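J.: Handing you this structure, nothing more for now.
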Amino acid sequence: HELKQRGIITDGSFLAGVIANEKQPVIVQAVHTDFCHSGCQVLTTNSFVAVPERVQRDIVKASCKSNSKNEDVSSPITSDDAVKERTRQLIQAAVRCAKNVVHKESKTQQCHRRHNPNNVRVAGTVPPLTECYVSSLVPHCANALIPSYVFLLSTLTEEGVDVLLAETLSTEREGVAVIRALSEILMTKPSNVSIPLWLSFTIDDFAQPVLLRSGECLKGVLEKILVEAKERNVPLEALGVNCASPDAVTRAIGVVKAIIDQNDIMTTLPALRIMVYANAFETTTSEWLSSSLETKENTKHSSCDSCSGNVEPSTSSRNTRKKDYDEFGVILPEVYANYAAQWKKMGVSIIGGCCGCSPLHMKEVAIKLSLTE
């Protein structure tokens with residue numbers, strides 16, 4: 001969204017944002033720098049849609065458009081090997097941009113000492129393999145996802161990211177596949193080689209109890225994830241939710257904390273932390289999906305009779321939150337910072353910003369959190 005504000009994304013496609021790592025790295029690095037200066041201690045790679053399926057589809061689509069305009073763009077690529085190689089190149093460029101900023105800031109010492117860039121880490125994003133939020137596109141068997149996740153995780157690991165951030169996952173099987181894929185990779189590495197995994201799910205903005213966008217219960221999904229991580233000895237460092245409204249994230253924190261506290265996992269996963277980062281837009285993703293899709297997926301998980309499908313906000317909640325957003329429908333930085341302070345009190349130790357959050361939001365968050373220490 002920052003790249004859109006800076007004129008990089010103009011056609012509604014995220015492809016231009018990813019290619020900017022190669023074509024306009026100065027602008028991408030400027031965004032990373034602004035977040036660093038805001039107090040962020042983790043920079044996420046600008047490679048969210050750099051997955052083989054989306055790279056193939058979007059590059060072919062862009063090529064078809066440009067052919068009609070006689071523009072010079074990437075040639076269509078169709079073979080699996082060619083698609084993977086192009087995806088790898090895009091990920092490498094994204095990691096390079098983030099690491100360049102960390103290196104530069106470390107040398108110039110422009111950030112405040114408390115947020116010394118020497119402590120800033122680069123998180124390599126591990127996104128959904130298909131369209132976000134659309135669980136029906138995710139293969140029904142977790143093992144079918146493993147090869148693609150092995151490819152993504154291996155590429156990020158080889159490029160030297162500090163953290164593997166599997167984010168915006170809408171199904172249990174995606175989370176399971178990521179853990180199994182990382183386990184496969186670690187089995188080929190020396191025993192002293194490890195890289196932390198942060199795992200985050202996107203949730204329905206209104207459903208109670210808290211549900212993933214697939215309709216699966218967050219509670220049951222987290223229980224399964226912890227079992228998988230423990231059995232496969234995967235270095236799961238953080239678990240949480242993202243890409244939902246601040247109110248939805250707040251409701252989910254109690255679920256995440258309760259699952260962590262109830263499971264006897266702390267000896268196996270001593271560094272496990274709660275992680276959250278919410279969207280900044282007044283129109284929630286659930287509302288956007290409801291308005292853009294002709295039919296809704298059933299939000300009741302077949303194996304959980306207690307799940308209810310309450311997915312509509314009340315009128316009172318709409319009126320209450322209106323004052324918290326600016327004229328463009330983006331949450332005010334100080335309001336988002338107040339949520340962050342609340343999350344910290346609830347036990348969250350990794351707090352960030354998702355869709356629509358700007359360096360201004362994160363600056364307010366850093367200031368607010370520093371006052372609560």
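Ordered as shown in the structure tokens, chains take letters A, B, and onward, while each chain numbers its residues from 1 and ligands are numbered from 1 in the order shown.
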For Val193 in chain A, work out the shell of residues within 12 Å, counting only C-alpha atoms and skipping chain neighbours fewer than 5 positions away, then give it as a list of chain:residue names.

T.: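 Residues meeting the cut-off are A:Thr157, A:Glu158, A:Gly160, A:Ile185, A:Leu186, A:Met187, A:Thr188, A:Val234, A:Pro235.
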
J.: Restricting the output to N, CA, C and O atoms, write the selected residues as a compact mmCIF listing (two decimals), in the first residue's frame.

T.:
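Result file part-v7.txt:
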# COMPACT_ATOMS: atom_id res chain seq x y z
N THR A 157 15.77 -18.86 2.97
CA THR A 157 16.85 -19.28 3.86
C THR A 157 18.20 -19.07 3.19
O THR A 157 19.15 -18.57 3.81
N GLU A 158 18.29 -19.46 1.93
CA GLU A 158 19.54 -19.29 1.19
C GLU A 158 19.93 -17.82 1.04
O GLU A 158 21.11 -17.49 0.97
N GLY A 160 19.45 -15.60 3.27
CA GLY A 160 19.91 -15.11 4.55
C GLY A 160 18.95 -14.24 5.34
O GLY A 160 19.39 -13.35 6.09
N ILE A 185 13.47 -29.20 5.31
CA ILE A 185 14.66 -28.40 5.02
C ILE A 185 15.70 -28.55 6.14
O ILE A 185 16.89 -28.74 5.88
N LEU A 186 15.24 -28.47 7.38
CA LEU A 186 16.17 -28.52 8.51
C LEU A 186 16.85 -29.88 8.62
O LEU A 186 17.97 -29.98 9.13
N MET A 187 16.20 -30.93 8.13
CA MET A 187 16.81 -32.26 8.19
C MET A 187 18.03 -32.35 7.28
O MET A 187 18.86 -33.24 7.46
N THR A 188 18.14 -31.45 6.32
CA THR A 188 19.29 -31.47 5.40
C THR A 188 20.39 -30.52 5.86
O THR A 188 21.44 -30.45 5.23
N VAL A 234 10.36 -28.15 15.03
CA VAL A 234 10.52 -26.95 14.21
C VAL A 234 10.64 -25.73 15.13
O VAL A 234 9.88 -25.60 16.10
N PRO A 235 11.58 -24.82 14.87
CA PRO A 235 11.80 -23.66 15.73
C PRO A 235 10.72 -22.59 15.59
O PRO A 235 10.96 -21.48 15.08

J.: Counting only C-alpha atoms, which of A:Gln208, A:Thr33, A:Thr202, A:Gln56 gets nearest to Pro359 in chain A?

T.: A:Thr33

J.: I need the residue nearest Gly352 in chain A from this list: A:Thr87, A:Ser148, A:Asn279, A:Ser291. Use only C-alpha atoms for the distance.

T.: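 Under the stated criterion, the closest residue is A:Asn279.
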
J.: Could you jot down the CA of Val241 in chain A to CA of Glu131 in chain A separation for me, Å, one decimal place?

T.: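 Computing the Euclidean distance for CA of Val241 in chain A and CA of Glu131 in chain A yields 17.8 Å.
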
J.: Do a neighbour search on range 26-32 of chain A at 7 Å with only C-alpha atoms, toss out local chain neighbours closer than 5 positions, and write the hits as a list of chain:residue names.

T.: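 Final neighbour list, sorted by chain and number: A:Ala20, A:Asn21, A:Leu43, A:Cys97, A:Ala98, A:Val101.
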
J.: Residues of range 50-227 of chain A in alpha helix (DSSP H) according to DSSP, as number ranges by chain?

T.: A: 52-69, 80-108, 146-158, 172-187, 218-227

J.: Give me the residues within 10 Å of Thr44 in chain A as a short mmCIF file (atom, residue, chain, number, x, y, z; two decimals) with all heavy atoms, in the first residue's frame, counting only C-alpha atoms and dropping any in the same chain fewer than 5 places off.

T.:
data_model
loop_
_atom_site.label_atom_id
_atom_site.label_comp_id
_atom_site.auth_asym_id
_atom_site.auth_seq_id
_atom_site.Cartn_x
_atom_site.Cartn_y
_atom_site.Cartn_z
N HIS A 32 11.29 0.90 3.13
CA HIS A 32 11.92 0.17 4.24
C HIS A 32 12.60 1.14 5.21
O HIS A 32 12.49 0.98 6.43
CB HIS A 32 12.95 -0.82 3.70
CG HIS A 32 12.37 -2.06 3.10
ND1 HIS A 32 11.38 -2.80 3.72
CD2 HIS A 32 12.66 -2.72 1.94
CE1 HIS A 32 11.09 -3.86 2.96
NE2 HIS A 32 11.85 -3.83 1.89
N ALA A 94 13.84 -8.85 -3.55
CA ALA A 94 13.13 -8.32 -2.39
C ALA A 94 13.99 -8.42 -1.13
O ALA A 94 14.04 -7.47 -0.33
CB ALA A 94 11.83 -9.08 -2.19
N VAL A 95 14.65 -9.54 -0.95
CA VAL A 95 15.53 -9.71 0.21
C VAL A 95 16.68 -8.71 0.13
O VAL A 95 17.07 -8.09 1.13
CB VAL A 95 16.07 -11.15 0.30
CG1 VAL A 95 17.09 -11.27 1.44
CG2 VAL A 95 14.93 -12.14 0.51
N ALA A 98 15.64 -5.18 1.33
CA ALA A 98 15.49 -5.08 2.79
C ALA A 98 16.85 -5.13 3.49
O ALA A 98 17.13 -4.34 4.40
CB ALA A 98 14.59 -6.20 3.30
N ARG A 121 15.78 -6.92 12.17
CA ARG A 121 15.83 -8.19 11.46
C ARG A 121 15.02 -8.12 10.17
O ARG A 121 14.07 -7.34 10.06
CB ARG A 121 15.29 -9.33 12.35
CG ARG A 121 16.14 -9.57 13.59
CD ARG A 121 15.83 -10.93 14.19
NE ARG A 121 14.63 -10.92 15.01
CZ ARG A 121 14.15 -12.00 15.62
NH1 ARG A 121 14.75 -13.18 15.49
NH2 ARG A 121 13.06 -11.92 16.35
N VAL A 122 15.40 -8.96 9.23
CA VAL A 122 14.65 -9.07 7.97
C VAL A 122 13.81 -10.34 8.03
O VAL A 122 14.33 -11.44 8.22
CB VAL A 122 15.59 -9.12 6.76
CG1 VAL A 122 14.80 -9.41 5.48
CG2 VAL A 122 16.36 -7.82 6.62
N ALA A 123 12.50 -10.17 7.87
CA ALA A 123 11.58 -11.31 7.84
C ALA A 123 11.21 -11.61 6.40
O ALA A 123 10.73 -10.73 5.68
CB ALA A 123 10.32 -11.00 8.65
N GLY A 124 11.44 -12.84 5.99
CA GLY A 124 11.07 -13.25 4.64
C GLY A 124 9.64 -13.73 4.62
O GLY A 124 9.29 -14.69 5.29
N THR A 125 8.80 -13.05 3.87
CA THR A 125 7.38 -13.40 3.85
C THR A 125 7.15 -14.73 3.12
O THR A 125 7.72 -14.99 2.06
CB THR A 125 6.53 -12.29 3.20
OG1 THR A 125 5.14 -12.66 3.27
CG2 THR A 125 6.91 -12.06 1.75
N VAL A 161 17.63 -14.47 5.19
CA VAL A 161 16.70 -13.72 6.04
C VAL A 161 16.86 -14.18 7.48
O VAL A 161 17.36 -15.27 7.77
CB VAL A 161 15.24 -13.91 5.58
CG1 VAL A 161 15.05 -13.41 4.16
CG2 VAL A 161 14.80 -15.37 5.71
N VAL A 163 14.26 -14.23 9.77
CA VAL A 163 13.02 -14.85 10.24
C VAL A 163 12.22 -15.31 9.03
O VAL A 163 12.21 -14.64 7.99
CB VAL A 163 12.17 -13.85 11.05
CG1 VAL A 163 10.85 -14.48 11.48
CG2 VAL A 163 12.93 -13.34 12.26
N LEU A 164 11.55 -16.45 9.16
CA LEU A 164 10.61 -16.90 8.14
C LEU A 164 9.20 -16.56 8.63
O LEU A 164 8.75 -17.06 9.66
CB LEU A 164 10.74 -18.41 7.93
CG LEU A 164 12.09 -18.86 7.36
CD1 LEU A 164 12.23 -20.38 7.46
CD2 LEU A 164 12.26 -18.41 5.91
N LEU A 165 8.53 -15.67 7.91
CA LEU A 165 7.22 -15.18 8.33
C LEU A 165 6.13 -15.74 7.42
O LEU A 165 5.87 -15.23 6.34
CB LEU A 165 7.20 -13.65 8.28
CG LEU A 165 5.86 -12.96 8.54
CD1 LEU A 165 5.31 -13.33 9.92
CD2 LEU A 165 5.99 -11.45 8.41
#

J.: Just want the 12 Å neighbourhood of Val227 in chain A, counted on only C-alpha atoms, with same-chain residues fewer than 4 positions away dropped. Output as a list in words.

T.: Gly175, Val176, Ile179, Arg180, Gly220, Val221, Leu222, Glu223, Glu231, Arg232, Asn233, Val234, Leu236, Ile259, Ile260, Asn263, Asp264, Ile265, Thr268 and Leu269 of chain A

J.: For the residues in the current selection, export C-alpha atoms as a PDB file, in the first residue's frame.

T.:
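Output file selection-v7.pdb is given in full below:
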ATOM      1  CA  GLY A 175       0.124 -23.826   8.488  1.00  0.00           C
ATOM      2  CA  VAL A 176       0.710 -27.572   8.766  1.00  0.00           C
ATOM      3  CA  ILE A 179       5.854 -26.610   9.368  1.00  0.00           C
ATOM      4  CA  ARG A 180       6.365 -29.892   7.528  1.00  0.00           C
ATOM      5  CA  GLY A 220      -8.520 -25.957  17.098  1.00  0.00           C
ATOM      6  CA  VAL A 221      -6.121 -24.807  14.392  1.00  0.00           C
ATOM      7  CA  LEU A 222      -3.597 -23.469  16.899  1.00  0.00           C
ATOM      8  CA  GLU A 223      -3.761 -26.683  18.892  1.00  0.00           C
ATOM      9  CA  GLU A 231       6.560 -33.358  16.984  1.00  0.00           C
ATOM     10  CA  ARG A 232       8.771 -32.138  14.133  1.00  0.00           C
ATOM     11  CA  ASN A 233      11.071 -30.041  16.319  1.00  0.00           C
ATOM     12  CA  VAL A 234      10.520 -26.946  14.211  1.00  0.00           C
ATOM     13  CA  LEU A 236       8.409 -21.959  15.997  1.00  0.00           C
ATOM     14  CA  ILE A 259      -3.801 -22.161  23.776  1.00  0.00           C
ATOM     15  CA  ILE A 260      -0.155 -21.381  24.466  1.00  0.00           C
ATOM     16  CA  ASN A 263      -0.304 -26.652  26.085  1.00  0.00           C
ATOM     17  CA  ASP A 264       2.755 -28.171  27.683  1.00  0.00           C
ATOM     18  CA  ILE A 265       5.098 -26.804  25.029  1.00  0.00           C
ATOM     19  CA  THR A 268      10.198 -27.620  23.549  1.00  0.00           C
ATOM     20  CA  LEU A 269       9.434 -24.112  22.291  1.00  0.00           C
TER      21      LEU A 269
END

J.: Ranking A:Val120, A:Val138, A:Val83, A:Val249 by minimum distance to Asn100 in chain A and counting only C-alpha atoms, which one comes first?

T.: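 So, comparing all the options, the nearest one is A:Val120.
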
J.: Pick the closest to Arg86 in chain A from A:Glu22, A:Cys132, A:Gly17, A:Ser38: which is it, counting only C-alpha atoms?

T.: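 For Arg86 in chain A, the nearest of the candidates is A:Glu22.
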
J.: With only C-alpha atoms as the atoms that count, which of A:Ile8, A:Ala244, A:Cys40, A:Val330 lies nearest to Pro25 in chain A?

T.: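 Among the listed residues, the smallest separation from Pro25 in chain A belongs to A:Ile8.
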
J.: Nearest to Ile203 in chain A: which of A:Leu137, A:Leu218, A:Ile19, A:Ile146 is it, counting only C-alpha atoms?

T.: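 Selected residue with least distance to Ile203 in chain A: A:Leu218.
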
J.: State, in Å with one decimal place, the distance from CA of Glu159 in chain A to CA of Phe48 in chain A.

T.: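 Computed distance, CA of Glu159 in chain A to CA of Phe48 in chain A, equals 15.8 Å.
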
J.: Range 1-216 of chain A: which residues are strand (DSSP E or B) by DSSP, as a list in words?

T.: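 Those residues are Val42, Leu43, Thr44, Arg121, Val122, Ala123, Gly124, Thr125, Val126, Val163, Leu164, Leu165, Ala166, Glu167, Thr168, Leu169, Leu197, Trp198, Leu199, Ser200, Phe201, Thr202, Ile203, Leu211 and Leu212 of chain A.
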
J.: Could you list, as a PyMOL selection string, every residue within 12 Å of Phe151 in chain A, counting only C-alpha atoms and ignoring same-chain residues fewer than 2 positions away?

T.: chain A and resi 50-52+81+83-85+87-88+91+126+129+145-149+153-158+178+181-182+184-185
